[in-house]
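*Asks:* My structure file target.cif, mmCIF, C-alpha atoms and all ligand atoms, is below:
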data_target
#
loop_
_atom_site.label_atom_id
_atom_site.label_comp_id
_atom_site.auth_asym_id
_atom_site.auth_seq_id
_atom_site.Cartn_x
_atom_site.Cartn_y
_atom_site.Cartn_z
CA MET E 168 -33.22 -6.32 -0.68
CA LYS E 169 -29.65 -5.00 -0.68
CA ARG E 170 -26.99 -7.36 -2.00
CA THR E 171 -24.22 -8.31 0.43
CA LEU E 172 -20.49 -8.03 -0.20
CA LEU E 173 -18.23 -10.01 2.12
CA VAL E 174 -14.70 -8.59 2.31
CA LEU E 175 -11.98 -10.90 3.59
CA GLY E 176 -9.26 -8.80 5.25
CA GLY E 177 -9.67 -5.48 7.03
CA GLY E 178 -6.53 -3.71 5.80
CA ILE E 179 -6.66 -0.53 3.74
CA VAL E 180 -7.40 -2.47 0.54
CA GLY E 181 -10.34 -4.39 2.01
CA LEU E 182 -11.77 -1.31 3.72
CA SER E 183 -11.52 0.84 0.61
CA CYS E 184 -13.26 -1.84 -1.48
CA ALA E 185 -16.00 -2.12 1.17
CA TYR E 186 -16.38 1.68 1.14
CA GLU E 187 -16.79 1.65 -2.66
CA ALA E 188 -19.46 -1.08 -2.49
CA LEU E 189 -21.35 0.76 0.27
CA LYS E 190 -21.47 3.85 -1.93
CA GLN E 191 -22.99 1.70 -4.68
CA GLY E 192 -25.76 0.63 -2.30
CA TRP E 193 -24.39 -2.76 -1.25
CA ARG E 194 -24.40 -4.10 2.30
CA ALA E 195 -20.80 -4.78 3.35
CA ILE E 196 -19.31 -7.11 5.93
CA VAL E 197 -15.56 -6.86 6.57
CA VAL E 198 -14.03 -9.82 8.37
CA ASP E 199 -10.50 -9.94 9.73
CA ARG E 200 -8.65 -12.72 11.52
CA GLY E 201 -7.05 -10.11 13.78
CA GLU E 202 -7.41 -6.36 14.33
CA ILE E 203 -8.86 -4.17 11.58
CA GLY E 204 -5.78 -2.40 10.15
CA GLY E 205 -3.54 -4.45 12.43
CA GLN E 206 -1.14 -5.68 9.74
CA ALA E 207 0.73 -3.94 6.88
CA SER E 208 -1.73 -1.06 6.57
CA GLY E 209 -1.25 0.06 10.15
CA ALA E 210 2.54 -0.26 9.85
CA ALA E 211 3.03 1.84 6.71
CA ALA E 212 4.87 5.13 6.47
CA GLY E 213 1.98 6.47 4.40
CA MET E 214 4.01 7.94 1.54
CA LEU E 215 2.21 8.67 -1.71
CA ALA E 216 5.17 8.58 -4.05
CA PRO E 217 4.26 7.48 -7.60
CA PHE E 218 7.40 9.02 -9.10
CA TYR E 219 9.82 7.54 -6.58
CA GLU E 220 8.22 4.10 -7.01
CA SER E 221 8.50 4.00 -10.82
CA GLY E 222 11.98 4.01 -12.28
CA GLU E 223 11.52 2.07 -15.49
CA GLY E 224 9.20 4.15 -17.63
CA PRO E 225 5.54 5.06 -18.04
CA ASP E 226 4.21 1.49 -17.89
CA ALA E 227 0.80 0.28 -16.66
CA PHE E 228 2.03 0.24 -13.06
CA PHE E 229 3.13 3.87 -13.23
CA ARG E 230 -0.22 4.84 -14.77
CA LEU E 231 -2.06 3.03 -11.96
CA CYS E 232 0.09 4.81 -9.34
CA LEU E 233 -0.51 8.19 -10.97
CA ASP E 234 -4.23 7.59 -11.37
CA SER E 235 -4.46 6.66 -7.68
CA PHE E 236 -2.31 9.61 -6.65
CA ASP E 237 -4.53 12.02 -8.61
CA ARG E 238 -7.58 10.64 -6.82
CA TYR E 239 -6.02 11.03 -3.35
CA PRO E 240 -6.93 14.58 -2.28
CA ALA E 241 -10.63 14.20 -3.12
CA TRP E 242 -10.75 10.60 -1.84
CA THR E 243 -9.22 11.40 1.56
CA ALA E 244 -11.33 14.56 1.91
CA GLU E 245 -14.48 12.49 1.28
CA ILE E 246 -13.44 9.83 3.81
CA GLU E 247 -12.44 12.44 6.39
CA GLU E 248 -15.82 14.10 5.97
CA ALA E 249 -17.67 10.78 6.25
CA ALA E 250 -15.65 9.74 9.32
CA GLY E 251 -15.39 13.15 11.00
CA MET E 252 -11.63 12.82 11.50
CA SER E 253 -8.37 13.72 9.80
CA ALA E 254 -6.14 11.26 7.92
CA GLY E 255 -3.15 13.60 8.04
CA PHE E 256 -2.77 14.23 4.28
CA VAL E 257 0.22 16.54 3.62
CA ARG E 258 1.47 17.55 0.17
CA SER E 259 5.05 18.00 1.30
CA GLY E 260 6.91 17.27 -1.94
CA SER E 261 9.91 14.97 -1.88
CA LEU E 262 13.64 14.94 -2.44
CA HIS E 263 15.41 11.87 -3.77
CA VAL E 264 18.95 12.49 -2.64
CA ALA E 265 22.17 11.26 -4.27
CA LEU E 266 25.09 11.10 -1.87
CA LEU E 267 27.69 10.41 -4.55
CA GLU E 268 28.06 11.40 -8.19
CA ALA E 269 27.57 7.72 -9.15
CA ASP E 270 24.07 7.79 -7.62
CA THR E 271 22.91 10.61 -9.89
CA LEU E 272 22.72 8.64 -13.14
CA SER E 273 19.49 6.75 -12.37
CA LEU E 274 17.88 9.92 -11.00
CA HIS E 275 18.64 11.82 -14.21
CA GLY E 276 17.14 8.87 -16.11
CA ARG E 277 13.92 9.26 -14.11
CA LEU E 278 13.92 13.02 -14.58
CA ALA E 279 14.13 12.58 -18.37
CA TRP E 280 10.82 10.71 -18.68
CA GLN E 281 8.93 11.73 -15.52
CA THR E 282 9.17 15.43 -16.27
CA ARG E 283 6.33 14.95 -18.79
CA HIS E 284 4.06 13.76 -15.95
CA CYS E 285 4.99 16.12 -13.11
CA ALA E 286 5.19 19.88 -13.55
CA GLY E 287 8.00 21.23 -11.42
CA LEU E 288 10.08 18.01 -11.27
CA GLU E 289 13.66 19.26 -11.31
CA TRP E 290 17.26 18.45 -10.53
CA LEU E 291 18.82 20.32 -7.61
CA ASP E 292 22.59 20.56 -7.29
CA GLY E 293 24.19 19.77 -3.95
CA THR E 294 24.78 23.48 -3.27
CA ASP E 295 21.02 24.19 -3.67
CA LEU E 296 19.92 21.47 -1.27
CA PRO E 297 20.34 23.17 2.12
CA ARG E 298 18.29 26.12 0.79
CA VAL E 299 15.37 23.79 -0.06
CA GLU E 300 15.79 21.40 2.88
CA PRO E 301 17.86 23.16 5.57
CA SER E 302 18.54 19.98 7.56
CA LEU E 303 20.58 18.48 4.71
CA PRO E 304 24.31 19.12 4.70
CA SER E 305 26.08 20.75 1.77
CA GLY E 306 28.41 18.49 -0.19
CA LEU E 307 25.84 15.97 -1.41
CA ALA E 308 25.82 15.19 -5.13
CA GLY E 309 22.29 16.55 -5.64
CA ALA E 310 18.65 15.50 -5.57
CA LEU E 311 15.63 14.96 -7.75
CA TYR E 312 12.97 17.32 -6.42
CA CYS E 313 9.32 16.39 -6.84
CA PRO E 314 6.97 19.10 -5.59
CA ASP E 315 3.84 16.92 -5.84
CA GLU E 316 4.53 13.84 -3.70
CA ALA E 317 2.63 13.64 -0.44
CA HIS E 318 1.96 11.52 2.62
CA VAL E 319 -0.83 10.51 4.98
CA GLN E 320 -0.82 9.03 8.48
CA ALA E 321 -1.62 5.46 7.48
CA PRO E 322 -3.05 4.32 10.85
CA LEU E 323 -5.34 7.38 10.90
CA LEU E 324 -6.47 6.80 7.32
CA VAL E 325 -7.31 3.18 8.14
CA LYS E 326 -9.25 4.30 11.21
CA ALA E 327 -11.08 6.95 9.17
CA LEU E 328 -11.96 4.40 6.48
CA ALA E 329 -13.23 1.92 9.07
CA THR E 330 -15.31 4.66 10.71
CA ALA E 331 -16.68 5.84 7.35
CA CYS E 332 -17.62 2.24 6.45
CA ALA E 333 -19.32 1.71 9.83
CA ARG E 334 -21.26 4.96 9.45
CA LEU E 335 -22.49 3.74 6.05
CA GLY E 336 -23.77 0.62 7.76
CA ALA E 337 -20.90 -1.84 7.28
CA GLN E 338 -20.42 -4.64 9.77
CA LEU E 339 -16.77 -4.85 10.84
CA LEU E 340 -15.85 -8.19 12.38
CA PRO E 341 -12.31 -8.28 13.82
CA HIS E 342 -10.88 -11.35 15.61
CA ALA E 343 -13.04 -13.66 13.48
CA GLY E 344 -10.57 -16.49 13.91
CA GLU E 345 -9.37 -18.76 11.13
CA MET E 346 -11.37 -19.22 7.93
CA THR E 347 -12.37 -22.89 7.97
CA ALA E 348 -14.53 -23.31 4.85
CA VAL E 349 -15.43 -21.41 1.69
CA SER E 350 -18.08 -22.53 -0.75
CA GLN E 351 -20.25 -21.34 -3.61
CA SER E 352 -23.64 -22.79 -4.53
CA GLU E 353 -24.73 -23.56 -8.10
CA ALA E 354 -26.85 -20.39 -8.00
CA GLY E 355 -23.71 -18.38 -7.11
CA GLY E 356 -24.40 -17.79 -3.37
CA LEU E 357 -21.18 -17.61 -1.34
CA SER E 358 -20.59 -18.75 2.18
CA VAL E 359 -17.52 -18.55 4.39
CA ARG E 360 -17.13 -20.13 7.81
CA PHE E 361 -14.91 -18.58 10.50
CA GLU E 362 -13.82 -20.21 13.74
CA ALA E 363 -15.01 -17.40 15.99
CA CYS E 364 -17.98 -15.87 14.18
CA GLY E 365 -19.68 -18.71 12.35
CA THR E 366 -20.86 -18.84 8.75
CA ILE E 367 -21.45 -15.69 6.71
CA GLY E 368 -23.39 -15.73 3.44
CA ALA E 369 -22.91 -13.19 0.65
CA ASP E 370 -23.68 -12.37 -2.98
CA ALA E 371 -20.11 -11.24 -3.72
CA LEU E 372 -16.73 -11.86 -2.13
CA CYS E 373 -13.68 -9.61 -2.25
CA CYS E 374 -10.43 -11.28 -1.14
CA CYS E 375 -8.06 -8.70 0.38
CA LEU E 376 -5.84 -10.88 2.53
CA GLY E 377 -2.60 -8.94 2.02
CA ALA E 378 0.47 -11.14 2.54
CA TRP E 379 -1.84 -14.08 3.33
CA SER E 380 -3.56 -14.02 -0.07
CA GLY E 381 -2.13 -17.36 -1.20
CA ARG E 382 -4.46 -18.91 1.38
CA LEU E 383 -7.28 -19.10 -1.15
CA SER E 384 -5.32 -20.37 -4.18
CA ASP E 385 -6.71 -23.86 -3.86
CA TRP E 386 -10.38 -22.84 -3.66
CA LEU E 387 -10.03 -20.15 -6.33
CA GLY E 388 -8.14 -22.50 -8.64
CA LEU E 389 -5.57 -19.75 -9.32
CA ARG E 390 -1.90 -19.33 -8.59
CA ILE E 391 -1.66 -16.35 -6.23
CA PRO E 392 2.09 -16.01 -5.77
CA VAL E 393 2.00 -13.44 -2.97
CA HIS E 394 4.73 -13.63 -0.35
CA PRO E 395 5.53 -11.49 2.71
CA ILE E 396 8.43 -9.02 2.65
CA ARG E 397 9.08 -7.71 6.14
CA GLY E 398 9.49 -3.97 6.57
CA GLN E 399 11.10 -2.76 9.79
CA ILE E 400 10.54 0.89 10.51
CA CYS E 401 11.09 3.33 13.38
CA ALA E 402 10.17 6.80 14.60
CA TYR E 403 11.94 9.55 16.54
CA ASP E 404 9.81 11.43 19.05
CA PRO E 405 10.40 14.32 19.34
CA ALA E 406 11.96 14.64 15.88
CA PRO E 407 15.64 15.66 16.20
CA VAL E 408 15.35 17.17 12.72
CA SER E 409 12.38 18.98 11.25
CA LEU E 410 11.87 18.10 7.58
CA ARG E 411 9.88 20.08 5.04
CA HIS E 412 9.89 17.25 2.48
CA ILE E 413 9.91 13.47 2.35
CA VAL E 414 13.62 12.66 1.95
CA PHE E 415 14.59 9.46 0.13
CA GLY E 416 18.21 8.40 0.57
CA PRO E 417 19.97 5.38 -0.95
CA GLN E 418 19.33 3.22 2.15
CA ALA E 419 16.32 4.74 3.91
CA TYR E 420 13.64 7.43 3.83
CA TRP E 421 12.47 10.01 6.37
CA VAL E 422 9.02 11.58 6.72
CA GLY E 423 8.03 14.26 9.24
CA LYS E 424 4.46 13.71 10.42
CA PRO E 425 1.98 16.40 11.54
CA ASP E 426 1.98 14.93 15.08
CA GLY E 427 5.72 15.68 15.44
CA LEU E 428 7.04 12.16 14.77
CA LEU E 429 9.91 11.63 12.34
CA VAL E 430 9.32 8.26 10.68
CA CYS E 431 12.30 6.43 9.17
CA GLY E 432 11.92 3.28 7.10
CA ALA E 433 12.21 0.65 6.04
CA SER E 434 14.05 -2.65 5.73
CA GLU E 435 13.07 -5.20 3.11
CA ASP E 436 13.75 -8.66 4.47
CA GLU E 437 12.49 -12.14 3.77
CA ALA E 438 11.54 -13.58 7.14
CA GLY E 439 8.39 -15.53 6.32
CA PHE E 440 5.46 -14.32 8.41
CA ASP E 441 7.72 -13.20 11.28
CA ARG E 442 7.06 -9.58 12.28
CA THR E 443 9.87 -9.37 14.84
CA VAL E 444 11.88 -6.14 14.92
CA THR E 445 15.62 -6.86 14.95
CA ALA E 446 18.51 -4.75 16.26
CA GLY E 447 20.27 -5.23 12.91
CA GLY E 448 17.28 -4.01 10.88
CA ILE E 449 16.69 -0.85 12.93
CA GLY E 450 20.44 -0.27 13.38
CA ARG E 451 20.89 0.03 9.60
CA LEU E 452 18.17 2.71 9.45
CA VAL E 453 19.70 4.61 12.37
CA ARG E 454 23.16 4.57 10.76
CA ALA E 455 21.73 5.74 7.43
CA GLY E 456 20.14 8.70 9.26
CA GLY E 457 23.41 9.64 10.91
CA ARG E 458 25.19 9.64 7.53
CA LEU E 459 22.67 12.02 5.92
CA PHE E 460 21.56 14.35 8.75
CA PRO E 461 24.24 15.54 11.20
CA THR E 462 21.54 16.14 13.86
CA LEU E 463 20.37 12.51 13.67
CA SER E 464 23.80 11.18 14.48
CA GLY E 465 23.62 9.48 17.88
CA ALA E 466 19.85 9.92 18.23
CA ALA E 467 17.84 6.83 19.18
CA PRO E 468 14.35 6.13 17.80
CA ALA E 469 11.54 6.13 20.37
CA GLN E 470 9.49 3.47 18.61
CA SER E 471 10.06 0.66 16.15
CA TRP E 472 7.70 -1.81 14.53
CA ALA E 473 7.38 -4.07 11.48
CA GLY E 474 4.81 -5.11 8.91
CA LEU E 475 4.53 -7.65 6.09
CA ARG E 476 4.28 -6.21 2.58
CA PRO E 477 2.30 -8.43 0.20
CA ALA E 478 4.72 -8.93 -2.72
CA THR E 479 3.82 -10.66 -6.00
CA LEU E 480 6.20 -12.41 -8.38
CA ASP E 481 6.16 -9.48 -10.84
CA GLY E 482 5.74 -6.73 -8.24
CA TRP E 483 2.34 -5.68 -9.58
CA PRO E 484 -0.95 -6.06 -7.70
CA LEU E 485 -3.78 -8.47 -8.48
CA ILE E 486 -7.05 -6.62 -9.03
CA GLY E 487 -10.19 -7.99 -10.66
CA PRO E 488 -12.72 -10.80 -10.90
CA VAL E 489 -11.79 -14.46 -10.65
CA PRO E 490 -12.62 -16.32 -13.87
CA GLY E 491 -15.04 -19.17 -13.27
CA ARG E 492 -16.12 -17.83 -9.86
CA PRO E 493 -18.97 -15.39 -10.46
CA GLY E 494 -19.10 -12.62 -7.86
CA VAL E 495 -15.60 -13.35 -6.53
CA TYR E 496 -12.87 -10.69 -6.73
CA ILE E 497 -9.27 -10.29 -5.63
CA ALA E 498 -7.57 -7.05 -4.59
CA ALA E 499 -4.18 -7.98 -3.21
CA GLY E 500 -0.41 -7.99 -3.69
CA HIS E 501 0.13 -4.23 -3.41
CA TYR E 502 3.64 -4.74 -2.02
CA ARG E 503 5.21 -1.33 -1.18
CA ASN E 504 2.29 0.77 -2.41
CA GLY E 505 -0.99 -0.36 -0.89
CA ILE E 506 -1.62 2.99 0.73
CA LEU E 507 -0.94 4.88 -2.49
CA LEU E 508 -2.91 2.42 -4.63
CA SER E 509 -6.09 2.09 -2.57
CA PRO E 510 -8.16 4.78 -4.34
CA ALA E 511 -7.44 3.34 -7.82
CA THR E 512 -7.82 -0.26 -6.60
CA SER E 513 -11.21 0.40 -5.05
CA ALA E 514 -12.32 2.41 -8.10
CA ALA E 515 -11.37 -0.52 -10.37
CA PHE E 516 -13.13 -2.94 -8.02
CA GLY E 517 -16.18 -0.64 -8.08
CA ARG E 518 -16.25 -0.76 -11.89
CA TRP E 519 -16.09 -4.56 -11.91
CA LEU E 520 -18.76 -4.78 -9.19
CA ALA E 521 -21.10 -2.44 -11.07
CA ALA E 522 -20.62 -4.53 -14.21
CA GLY E 523 -21.28 -7.77 -12.31
CA GLY E 524 -17.70 -8.94 -12.86
CA GLY E 525 -18.19 -8.84 -16.62
CA ALA E 526 -16.93 -6.11 -18.91
CA GLY E 527 -16.04 -3.60 -16.19
CA GLY E 528 -12.33 -3.51 -16.81
CA ASP E 529 -10.44 -1.21 -19.11
CA GLY E 530 -6.94 -1.79 -20.54
CA ALA E 531 -5.18 -0.71 -17.35
CA ASP E 532 -7.21 -3.17 -15.27
CA ARG E 533 -6.20 -6.02 -17.58
CA ALA E 534 -2.51 -5.55 -16.70
CA PHE E 535 -3.34 -6.54 -13.11
CA ARG E 536 -5.55 -9.56 -13.84
CA PRO E 537 -5.56 -11.96 -10.88
CA ASP E 538 -5.35 -14.98 -13.23
CA ARG E 539 -2.14 -13.88 -14.96
CA PHE E 540 0.00 -16.44 -13.11
CA GLY E 541 -2.13 -19.34 -14.35
CA ALA E 542 -4.04 -22.15 -12.69
CA TYR E 543 -3.21 -23.45 -9.23
CA VAL E 544 -1.72 -26.92 -9.07
CA ALA E 545 -2.47 -28.72 -5.81
CA GLY E 546 0.46 -28.67 -3.37
CA GLU E 547 2.15 -25.56 -4.79
CA ARG E 548 4.01 -23.39 -2.28
CA GLU E 549 1.84 -20.29 -2.82
CA GLY E 550 -1.28 -22.15 -1.83
CA ALA E 551 0.37 -23.37 1.33
CA THR E 552 1.06 -19.92 2.81
CA THR E 553 -1.35 -20.38 5.67
CA ALA E 554 0.64 -18.74 8.49
C1 LIG M 601 7.12 -0.80 6.97
C2 LIG M 601 6.17 -0.58 5.83
C3 LIG M 601 6.10 0.66 5.24
C4 LIG M 601 5.22 0.89 4.18
N1 LIG M 601 5.13 2.14 3.65
C5 LIG M 601 4.25 2.38 2.65
C6 LIG M 601 4.10 3.69 2.14
O1 LIG M 601 4.78 4.62 2.58
N2 LIG M 601 3.20 3.89 1.13
C7 LIG M 601 2.44 2.87 0.61
O2 LIG M 601 1.65 3.10 -0.32
N3 LIG M 601 2.55 1.60 1.11
C8 LIG M 601 3.44 1.35 2.09
N4 LIG M 601 3.57 0.07 2.58
C9 LIG M 601 2.84 -1.03 1.93
C10 LIG M 601 1.40 -1.09 2.44
O3 LIG M 601 1.40 -1.05 3.84
C11 LIG M 601 0.73 -2.36 1.94
O4 LIG M 601 0.87 -2.48 0.54
C12 LIG M 601 -0.77 -2.33 2.27
O5 LIG M 601 -0.96 -2.03 3.63
C13 LIG M 601 -1.43 -3.64 1.92
O6 LIG M 601 -2.76 -3.56 2.38
P1 LIG M 601 -3.66 -4.84 2.49
O7 LIG M 601 -4.99 -4.38 2.96
O8 LIG M 601 -3.57 -5.59 1.20
O9 LIG M 601 -2.90 -5.76 3.55
P2 LIG M 601 -2.96 -5.77 5.15
O10 LIG M 601 -2.98 -4.41 5.72
O11 LIG M 601 -1.86 -6.67 5.61
O12 LIG M 601 -4.36 -6.41 5.44
C14 LIG M 601 -4.64 -7.76 5.22
C15 LIG M 601 -5.58 -8.20 6.34
O13 LIG M 601 -6.00 -9.55 6.11
C16 LIG M 601 -6.15 -10.15 7.37
N5 LIG M 601 -6.14 -11.61 7.24
C17 LIG M 601 -5.09 -12.42 6.97
N6 LIG M 601 -5.49 -13.70 6.92
C18 LIG M 601 -6.83 -13.70 7.16
C19 LIG M 601 -7.81 -14.71 7.22
N7 LIG M 601 -7.50 -16.01 7.03
N8 LIG M 601 -9.10 -14.35 7.46
C20 LIG M 601 -9.43 -13.05 7.66
N9 LIG M 601 -8.52 -12.04 7.61
C21 LIG M 601 -7.24 -12.37 7.36
C22 LIG M 601 -4.98 -9.64 8.18
O14 LIG M 601 -5.21 -9.78 9.58
C23 LIG M 601 -4.89 -8.20 7.71
O15 LIG M 601 -5.56 -7.29 8.59
C24 LIG M 601 4.43 -0.18 3.67
C25 LIG M 601 4.49 -1.43 4.28
C26 LIG M 601 5.34 -1.64 5.35
C27 LIG M 601 5.38 -2.98 6.00
#
Kindly return the structure encoded in the file as structure tokens.
*Replies:*
Amino acid sequence: MKRTLLVLGGGIVGLSCAYEALKQGWRAIVVDRGEIGGQASGAAAGMLAPFYESGEGPDAFFRLCLDSFDRYPAWTAEIEEAAGMSAGFVRSGSLHVALLEADTLSLHGRLAWQTRHCAGLEWLDGTDLPRVEPSLPSGLAGALYCPDEAHVQAPLLVKALATACARLGAQLLPHAGEMTAVSQSEAGGLSVRFEACGTIGADALCCCLGAWSGRLSDWLGLRIPVHPIRGQICAYDPAPVSLRHIVFGPQAYWVGKPDGLLVCGASEDEAGFDRTVTAGGIGRLVRAGGRLFPTLSGAAPAQSWAGLRPATLDGWPLIGPVPGRPGVYIAAGHYRNGILLSPATSAAFGRWLAAGGGAGGDGADRAFRPDRFGAYVAGEREGATTA
């Protein structure tokens, strides 16, 4: 008899954990309150930017990002093969542009330590920039050039992962309605009841509820301080400027996608669980584009949308088993980097699963322990995030 893993949440994190379990011979059931990939994962720009995302130094978070990044080409190729579709992986390289001399200091700081981890990382003077990225004007202060950074089409990757999981026998249950009860028997058997699809039993449970992860604090007995940070984002179609690289500016970023779209993101606002797109949020992105690319000035995006990033109190994800709840795992709180971090997250989850939740973790895993914020106290705000 195959053991059954129940995954709560059908975003990229839940799907990649399900995929890992299926490869280990588990049965997997992925349940989502809404659409599979319908929240943050489907809204993401899909950048794989471990160097851009780590300014401080080579800490555990940077090592996790780099580990995940290194896994990406083989991981996506395997999923594409299993699903029979492309996820739009492009190793474009990136430019982190400084408009003014004052903006260059932090970039030189990054260059000093990141150069040990990325061959070819270099500083480009403003006069060199139009040669490397012809759409950029001359007269900028310079840019940190990273030849390695890449991007995927996040909605395609999610679709490919869902297809790969289904082909390996996973049951995907979207629109399951609200979770109304969770319980664990003395023998360890788990059971979760959903409004629209009844009660599901399982041998292991992986909680991947994104911005809604605080929902289970009470039952898990853990503080899960995950809160939503809204990201508003837009796309030009057709792209008024054709970019060779991902371009990061001080107020926005731009990524040219293989399907011709130019994606520009993203705001970071606290708006609770509200995913509304506002004129102010998109307007700021549009103005930032006009300041950097002369050809974007006056152009209007064809599409705009928003998603809720799952942010933790310390900005690092929660990955690992829940102490005192055998067979229960959390993989959540990936904030701005859930797309980048999915291969390493699911690999870590796979190690814990194979070890039965026991000694599967190495030092890096320990930095992301789900119990690091302590025990849940009834009535705390995090546990009440039920929107
Ligand atoms: C605008 C924007 C741009 C981004 N760009 C990037 C990027 O370039 N690179 C990158 O790496 N990351 C990026 N991110 C971050 C990335 O999207 C997230 O970190 C990642 O998608 C989180 O994945 P997840 O599976 O944890 O969450 P989600 O994708 O939000 O999935 C959680 C799922 O849980 C479901 N759920 C919630 N409550 C319940 C319940 N009670 N029962 C069942 N299911 C439930 C939801 O419906 C949802 O489908 C971006 C995010 C945004 C918003």
*Asks:* Around ligand LIG 601 (chain M), which protein and nucleic acid residues have at least one atom no more than 7 Å from it, if we count all atoms listed in the file? List them as a ChimeraX atom specification.
*Replies:* /E:175-181,198-215,343-346,375-379,397-400,432-433,473-477,499-508
*Asks:* Quick one: residues within 12 Å of Val319 in chain E, only C-alpha atoms, excluding same-chain residues fewer than 6 positions away - as a PDB file with C-alpha atoms, in the frame of the given file?
*Replies:*
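See out00.pdb below for the written result:
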ATOM      1  CA  SER E 208      -1.730  -1.060   6.570  1.00  0.00           C
ATOM      2  CA  GLY E 209      -1.250   0.060  10.150  1.00  0.00           C
ATOM      3  CA  ALA E 211       3.030   1.840   6.710  1.00  0.00           C
ATOM      4  CA  ALA E 212       4.870   5.130   6.470  1.00  0.00           C
ATOM      5  CA  GLY E 213       1.980   6.470   4.400  1.00  0.00           C
ATOM      6  CA  MET E 214       4.010   7.940   1.540  1.00  0.00           C
ATOM      7  CA  LEU E 215       2.210   8.670  -1.710  1.00  0.00           C
ATOM      8  CA  ALA E 216       5.170   8.580  -4.050  1.00  0.00           C
ATOM      9  CA  PHE E 236      -2.310   9.610  -6.650  1.00  0.00           C
ATOM     10  CA  TYR E 239      -6.020  11.030  -3.350  1.00  0.00           C
ATOM     11  CA  PRO E 240      -6.930  14.580  -2.280  1.00  0.00           C
ATOM     12  CA  THR E 243      -9.220  11.400   1.560  1.00  0.00           C
ATOM     13  CA  ALA E 244     -11.330  14.560   1.910  1.00  0.00           C
ATOM     14  CA  GLU E 247     -12.440  12.440   6.390  1.00  0.00           C
ATOM     15  CA  SER E 253      -8.370  13.720   9.800  1.00  0.00           C
ATOM     16  CA  ALA E 254      -6.140  11.260   7.920  1.00  0.00           C
ATOM     17  CA  GLY E 255      -3.150  13.600   8.040  1.00  0.00           C
ATOM     18  CA  PHE E 256      -2.770  14.230   4.280  1.00  0.00           C
ATOM     19  CA  VAL E 257       0.220  16.540   3.620  1.00  0.00           C
ATOM     20  CA  ARG E 258       1.470  17.550   0.170  1.00  0.00           C
ATOM     21  CA  SER E 259       5.050  18.000   1.300  1.00  0.00           C
ATOM     22  CA  VAL E 325      -7.310   3.180   8.140  1.00  0.00           C
ATOM     23  CA  ALA E 327     -11.080   6.950   9.170  1.00  0.00           C
ATOM     24  CA  ILE E 413       9.910  13.470   2.350  1.00  0.00           C
ATOM     25  CA  VAL E 422       9.020  11.580   6.720  1.00  0.00           C
ATOM     26  CA  GLY E 423       8.030  14.260   9.240  1.00  0.00           C
ATOM     27  CA  LYS E 424       4.460  13.710  10.420  1.00  0.00           C
ATOM     28  CA  PRO E 425       1.980  16.400  11.540  1.00  0.00           C
ATOM     29  CA  ASP E 426       1.980  14.930  15.080  1.00  0.00           C
ATOM     30  CA  VAL E 430       9.320   8.260  10.680  1.00  0.00           C
ATOM     31  CA  ILE E 506      -1.620   2.990   0.730  1.00  0.00           C
ATOM     32  CA  LEU E 507      -0.940   4.880  -2.490  1.00  0.00           C
TER      33      LEU E 507
END
*Asks:* Pick out the residues sitting within 10 Å of Leu480 in chain E, and hand them over as a PyMOL selection string; count all atoms listed in the file, and ignore anything fewer than 6 positions along from it in its own chain.
*Replies:* chain E and resi 391-394+500+540
*Asks:* Calculated over all atoms listed in the file, which of the candidates E:Leu372, E:Cys313, E:Ile497, E:Leu296 has the smallest distance to Thr171 in chain E?
*Replies:*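 Checking each candidate against Thr171 in chain E, we get E:Leu372 as the closest.
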*Asks:* Tell me, as a tab-separated table (two decimals) with C-alpha atoms, keeping the file's coordinate frame, which residues lie within 10 Å of Trp280 in chain E, counting all atoms listed in the file; anything in the same chain fewer than 2 positions away does not count.
*Replies:*
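Below you can see result_12.tsv, which holds the result:
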chain	number	residue	atom	x	y	z
E	222	GLY	CA	11.98	4.01	-12.28
E	223	GLU	CA	11.52	2.07	-15.49
E	224	GLY	CA	9.20	4.15	-17.63
E	225	PRO	CA	5.54	5.06	-18.04
E	275	HIS	CA	18.64	11.82	-14.21
E	276	GLY	CA	17.14	8.87	-16.11
E	277	ARG	CA	13.92	9.26	-14.11
E	278	LEU	CA	13.92	13.02	-14.58
E	282	THR	CA	9.17	15.43	-16.27
E	283	ARG	CA	6.33	14.95	-18.79
E	284	HIS	CA	4.06	13.76	-15.95
E	285	CYS	CA	4.99	16.12	-13.11
*Asks:* Quick one: distance from CA of Asp234 in chain E to CA of Cys401 in chain E in Å, one decimal?
*Replies:*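 Taking CA of Asp234 in chain E and CA of Cys401 in chain E, their separation equals 29.4 Å.
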*Asks:* In Å, with one decimal, what is the gap from CA of Val197 in chain E to CA of Leu172 in chain E?
*Replies:*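 Atom-to-atom, CA of Val197 in chain E and CA of Leu172 in chain E are spaced 8.5 Å apart.
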*Asks:* So what do you get for CA of Pro297 in chain E versus CA of Ala279 in chain E, distance-wise?
*Replies:*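 One can read the CA of Pro297 in chain E to CA of Ala279 in chain E distance as 23.9 Å.
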*Asks:* Any idea what's packed within 8 Å of Ala514 in chain E, counting only C-alpha atoms, ignoring anything in its chain fewer than 3 positions away? Could you give it as a PyMOL selection string?
*Replies:* chain E and resi 184+187+510-511+517-518
